[in-house]
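A quick write-up on the structure given underneath.
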Protein chains: 2
Amino acid sequence: MTGADALVTALADSGVSACFANPGTSEMHLVSALDREARIRSVLCLFEGVATGAADGFGRITGRPACTLLHLGPGYANGASNLHNARRARTPIVNIIGDHATYHRRLDAPLTSDIEALAAPNSVWIKTASSSEDVAELAVQAVAASLGPPAGSASLILPADCAWSSAERRASIATAQTAAPPDSKTIEEAALLIGRAQTAVILLGGHACTERALRAAARLAAQGLRIVTDTFLPRQARGAGRFAPARLKYFAEMAADDLKDVDLLVTVETSAPVAFFAYPGKPSMLLPANCRTFTLASPQQNGAAALEMLADELRAPSSGRSAEYAPAPLREDALTPKAIGESLARHMPEHTIVSEDASTSGPAIFAATVNARPHDWLMLTGGSIGQALPAALGAAIAAPERKVVAVTGDGAALYTVQALWTMAREKTDVTTVVCANHSYRILDMEFTRTGAGDPGASARRLLDLSAPRIDWVALAAGMGVPARRCSTAAEFDRACREAMNEKGPMLIEANLGG
Amino acid sequence: MTGADALVTALADSGVSACFANPGTSEMHLVSALDREARIRSVLCLFEGVATGAADGFGRITGRPACTLLHLGPGYANGASNLHNARRARTPIVNIIGDHATYHRRLDAPLTSDIEALAAPNSVWIKTASSSEDVAELAVQAVAASLGPPAGSASLILPADCAWSSAERRASIATAQTAAPPDSKTIEEAALLIGRAQTAVILLGGHACTERALRAAARLAAQGLRIVTDTFLPRQARGAGRFAPARLKYFAEMAADDLKDVDLLVTVETSAPVAFFAYPGKPSMLLPANCRTFTLASPQQNGAAALEMLADELRAPSSGRSAEYAPAPLREDALTPKAIGESLARHMPEHTIVSEDASTSGPAIFAATVNARPHDWLMLTGGSIGQALPAALGAAIAAPERKVVAVTGDGAALYTVQALWTMAREKTDVTTVVCANHSYRILDMEFTRTGAGDPGASARRLLDLSAPRIDWVALAAGMGVPARRCSTAAEFDRACREAMNEKGPMLIEANLGG
C-alpha cells in the first residue's frame, strides 16, 4: 500500500468517517486512497472555508474528528478562519494538508509556502511527515491529539512523496482521554463560597450545555442559583424538556449591567467574561471589581460532572424546571427576526440542529425558539463570520436523520456561499434561512458605539449591502438549491413549515427590509 | 485627528489611492477616517480574498500599492491565499489589519489570534502599532517597504486604540527605491558566455515582460537568441506591436523537452525553472544536467535595462519582430478554449487587461490572443486559484478607462465569486468569461500523471463539478451582474463582441460541454 493508503486506513481505524475535501495535484494519491476506503465518506467542498467549517459542524455533533483534505499552504489559509472558530469551540478536527514532495520543497515552486507557520496558530498539534512509513502513526497521533483534552485541530502536513511511496500498515488505533471531573475539594470549596456569597452566578461555557449538564444546572437553579451561559457556545441543548439558562448579552455594557450585583462567579468550562470588542472609555472586563471568580471546572475538565457534584454537595432538588413546547401564535405582520424564530419554534421537528451565524438577527431568533421542540444550537464561537452554512453542512453529514437549519446573516452567508452547492450535491437535509437586512447591520450599530461619529457617504457604502441587492433565490438556484423569498411573517411561516416537513436542501431568503 | 486619520492621511500622502476593505467593529475609526480622505477610493469587498486579490490586480497595473482593510486575524487569513499569489508576483500592497485595543488583547476575547504569525509568511514587512502616535510613520514605512525592492505585501497591524486615540500628523512621505540595472561586468560576462554557448536561452520572469523589456528582448531574438518566459508572470505586454516570446510549458516533461538542448540559461528577474509539482520518478529541475545558468538580472534588479545593455553589448539590431493584429476568421463550430481566445483576439479593444486563472483552458486562450490588439495579461503567479475575478476588479479600479477581461476556470471562479458583486456596485468595466468545463479538469489529468491510477467513483466525485451543474447566469444575476450562456463559438463571438463594445460588468458562461 502507499503512504496515502496507510494514512487513510489509520484514520478510518481510529474512527474518522468523513473527509471534507478540496484536493489538488499534490493530494491525488490521497484521493485515490479514499477511493479504496469505504468507511470514510468523501465530500467535495468548492472552497476550503466550507471544508473546515463543515468539519467543525461534524465534530460538534459527533464529538469525533472529521478530516479535511487541503491543498498546500494556500488551501489551508482559505480554511483558517473557520478553524479559528473551531479552535474557540474546541472541536476535534484532523487537517490533512498536502505539500510538495520532500525533495521538491527547497526549489520554491510557486505553491511553496511555510505551512507550519500558517497552521500553527489554530492547531493543538502540528507535524510534517518525512517518510511514507511515518504517516500512519502520525495519523493516529493526530486523531488522539484532536480529541484532547483540550480538543482542537490537529494538522498533519503530508509531502506528496510520503503519500505516493509505499508503506507498511500500522495497527495502532487512536484512543481518547476523557475529560476528568474536578476533585471533591474543589466542589466543597465552591459550595462554601456559594453559601457565603450574596449573589452567585454559575457561568456555563464550552461543552457544559449538554442535556446532562443542563439537568444538573436546572437543579442548581432550583436551589436558587443564577445560571448564565457564555454568549457563544459550541453547542447548546435547548427547547422542550431542557433547562433554559440566561445568556450573557453580546454588547458589553448590557452584559456588565446584568452582572453588576454579582459577588461570586463560578465558571464551568470557561473563564471570567470579557467584552467581545474594546470600546473607548468602557471597561473590557464585565464583572464588577469586587466580584470573586472561582473555577469549578476548567475547559479541560468535565463540566457536566462538576455541576452534578456541586448540586449534590448543595443538596439541590433532584430536578429543576425545563422549557415546554409552547410556540407563539402566528401573527400576520412584518417579517422580523422574532417572527422568524417563532416560525422555527412552531415547525422545527424534534432534534433539529440549528447552525447560527446572524450577528443582529440571531439573538431574537434564539430567544424565540426557547419553547421549540428539543433541538441543538451551534453558535459562532470565534466571531469569524461565514460559519453557519458550512457547519450546517457538516452537521447534516454527521446526523443524516436530523433536520438541520442554518440561520445566517446575509453578510455572513456570502463568505462561504459555496456551501450551498455541496448541500445540493449531497442532498443534505439543510434549510438555510438568510436573514437579509441588506447591510452589515451590526456595524451600523458599532460605528456609533465605538465613537466613530456619524458615517458619511463613503463610510455608509462600506457597511451597506443593498446596492445592488443580493438576490438569494438566484444565488441558491445557481448552486442547485431550491429557494424562495419571503417578505411577511405569514409567507415565512408557510415556507418554513414546508421546509421543515420536506427533506433536502432549501433556502429561504427572509427579506427583513431596509 | 485620530490615529486612524493620521494613518489614512499618511497613506494618501504617499500615493495610496484605493482601499479594498471588509471592515469590522475594530476598524470603525478607519472607516470614519476614510470618509474624510477624498484621495482614497474605498471599495467594499464581501470577502477578504476579493480585497487582497483586488489589491494585487491594482498594484500590478499601477506599480503602486493599494491598501486593504482587514478585520483581525481571521479577516487576514481569508485574504492570505491571494496574498500568496501577490507575493509570487512581487506586487506592492499595504495591508491594514485591525486588531483589538492593546489592553484588550491579553483578555483573549473570541476574535483574538496571533496575527503576526499568520501574516508573516506572505509579508515583506510586518509591524504592530503600539501607540496612535506611531501610526503615521509606520504607514509611511509600510508603503516604502511594499515598493521594495523586493516589492511585496507590507502588513501593519493596528490595535483599535491606536486608531481611535489622538495623534499628530507626520509629514514624511514614502519614497521608493528604483531597481538598479546590473553592472557592466555582468553584461560583458553574459555576452561572453552567450558567444561560447551552442544553444542559449534567455528566460524572462518577474517584471521583465513590459513593453520596454520586450523591445530589448526582440532585439536579442533578432540576434538569434531564444527568448522564453516563465510559465506564470505577474504581467505581460502582448498583442500587436509587442514581441511575442515563447512561454515555458506548464507540464514539466513538456517544458524539459523544450529545453533539452539548452546549454546556457540566462535569467532575467527569475531563476532556473522548476516543475510546478513533483511527480514520482520525474525530475523536478527542468534544465538538462550540463546546462549552465547565469543571472543577468536578479528579481531585485531592473531586467528591462539589463536586456537593453545586453542587446547593445551583443550589437543586436536596433529592433526586432513583433506581433501584428491578425485575428483568425470566425469558425462556426463547437466552443473551445481556442475559439474563446480567437473571439477575444477579434474583439478586445486596445489596452485591454486580461486577468486569467484558467488552468486548463488558459493556455489555448493565451496562445490564440497573441495577434490581438495590444493588451496586458495578468497570470496566476502563486498557483492559488481564485485570483482572476478579484485581480480584474482591482485592475478596473486602477485603470477605469481600460477594458478588463477576467478569464477564469469555473472551479477557480467559485473561490472568490463575491467579486462579481463589487464589480456590479462599482460599475467596473469588467467582462468575466467563465470557462465552464464543469470539473477540476486539470486534476483529471494530474490524477493519472501523478501515478494515482484510474479514479474510482469516490475519486471522480472529488474532481467533478457537474452534479449539480453551476448556473453561472443565475449566480451572476444574484450578484447584480448581467450574464449570458454560450455553447457555440458563434454564440460566444456575438456575446464577446457585445461585451467588448459596451461598458460595465458582464459575465459570459462559456459552456465547454463535458
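Letters for chains follow the order of the C-alpha cells (A, B, ...), residue numbers begin at 1 for each chain, and ligand numbers begin at 1 in the order shown.
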Give me the residues within 12 Å of A:Thr52 as a PyMOL selection string, counting only C-alpha atoms and dropping any in the same chain fewer than 3 places off. chain A and resi 18-22+43-49+55-59+65-70+75-87+91-97+122+153+155+386-394+416+419
Once DSSP has gone over the backbone, tell me which residues of stretch 167-325 of chain A are in strand (DSSP E or B), as JSON, numbers by chain. {"A": [200, 201, 202, 203, 204, 226, 227, 228, 229, 236, 237, 238, 246, 247, 264, 265, 266, 267, 268, 274, 285, 292, 293, 294, 295, 296, 297]}
Exercise: stretch 196-207 of chain B partners within 6 Å, only C-alpha atoms, chain neighbours under 5 positions left out, as a list in words: Arg226, Ile227, Val228, Thr229, Asp230, Val262, Asp263, Leu264, Leu265, Val266, Thr267, Val268, Glu269 and Thr270 of chain B
Contacts of stretch 303-308 of chain B at 7 Å or less, counting only C-alpha atoms, minus same-chain residues fewer than 5 places along, as a VMD selection string? chain B and resid 181 to 182 208 212 to 213 216 to 217 268 to 269 296 to 297
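Considering only C-alpha atoms, the residue among A:Lys127, A:Arg346, A:His100, A:Lys338 positioned nearest to chain B is A:His100.
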Give me the residues within 7 Å of stretch 241-258 of chain B as a list in words, counting only C-alpha atoms and dropping any in the same chain fewer than 4 places off. Glu211, Leu214, Arg215, Ala218, Ile227, Val228, Thr229, Asp230, Thr231, Ala237, Ala275, Leu286, Leu287, Arg321, Ser322, Ala323, Glu324 and Pro374 of chain B
Given only C-alpha atoms as the counted atoms, nearest of A:Ser458, A:Ser319, A:Thr432, A:Ser439 to chain B: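 Looking only at the distances to chain B, the closest residue turns out to be A:Ser458.
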Please report the interatomic distance between atom CA of A:Ala163 and atom CA of A:Thr2 in Å with one decimal.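 Distance between the two atoms: 6.2 Å.
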Just the helix (DSSP H, G or I) stuff from stretch 21-152 of chain B, please, per backbone DSSP, written as number ranges by chain. B: 25-35, 48-62, 72-89, 105-107, 115-122, 135-147
Go through B:Ser271, B:Asn302, B:Ser132, B:Thr450 one by one, measure the shortest atom-to-atom distance of each to chain A using only C-alpha atoms, and give the residue with the smallest value. B:Thr450
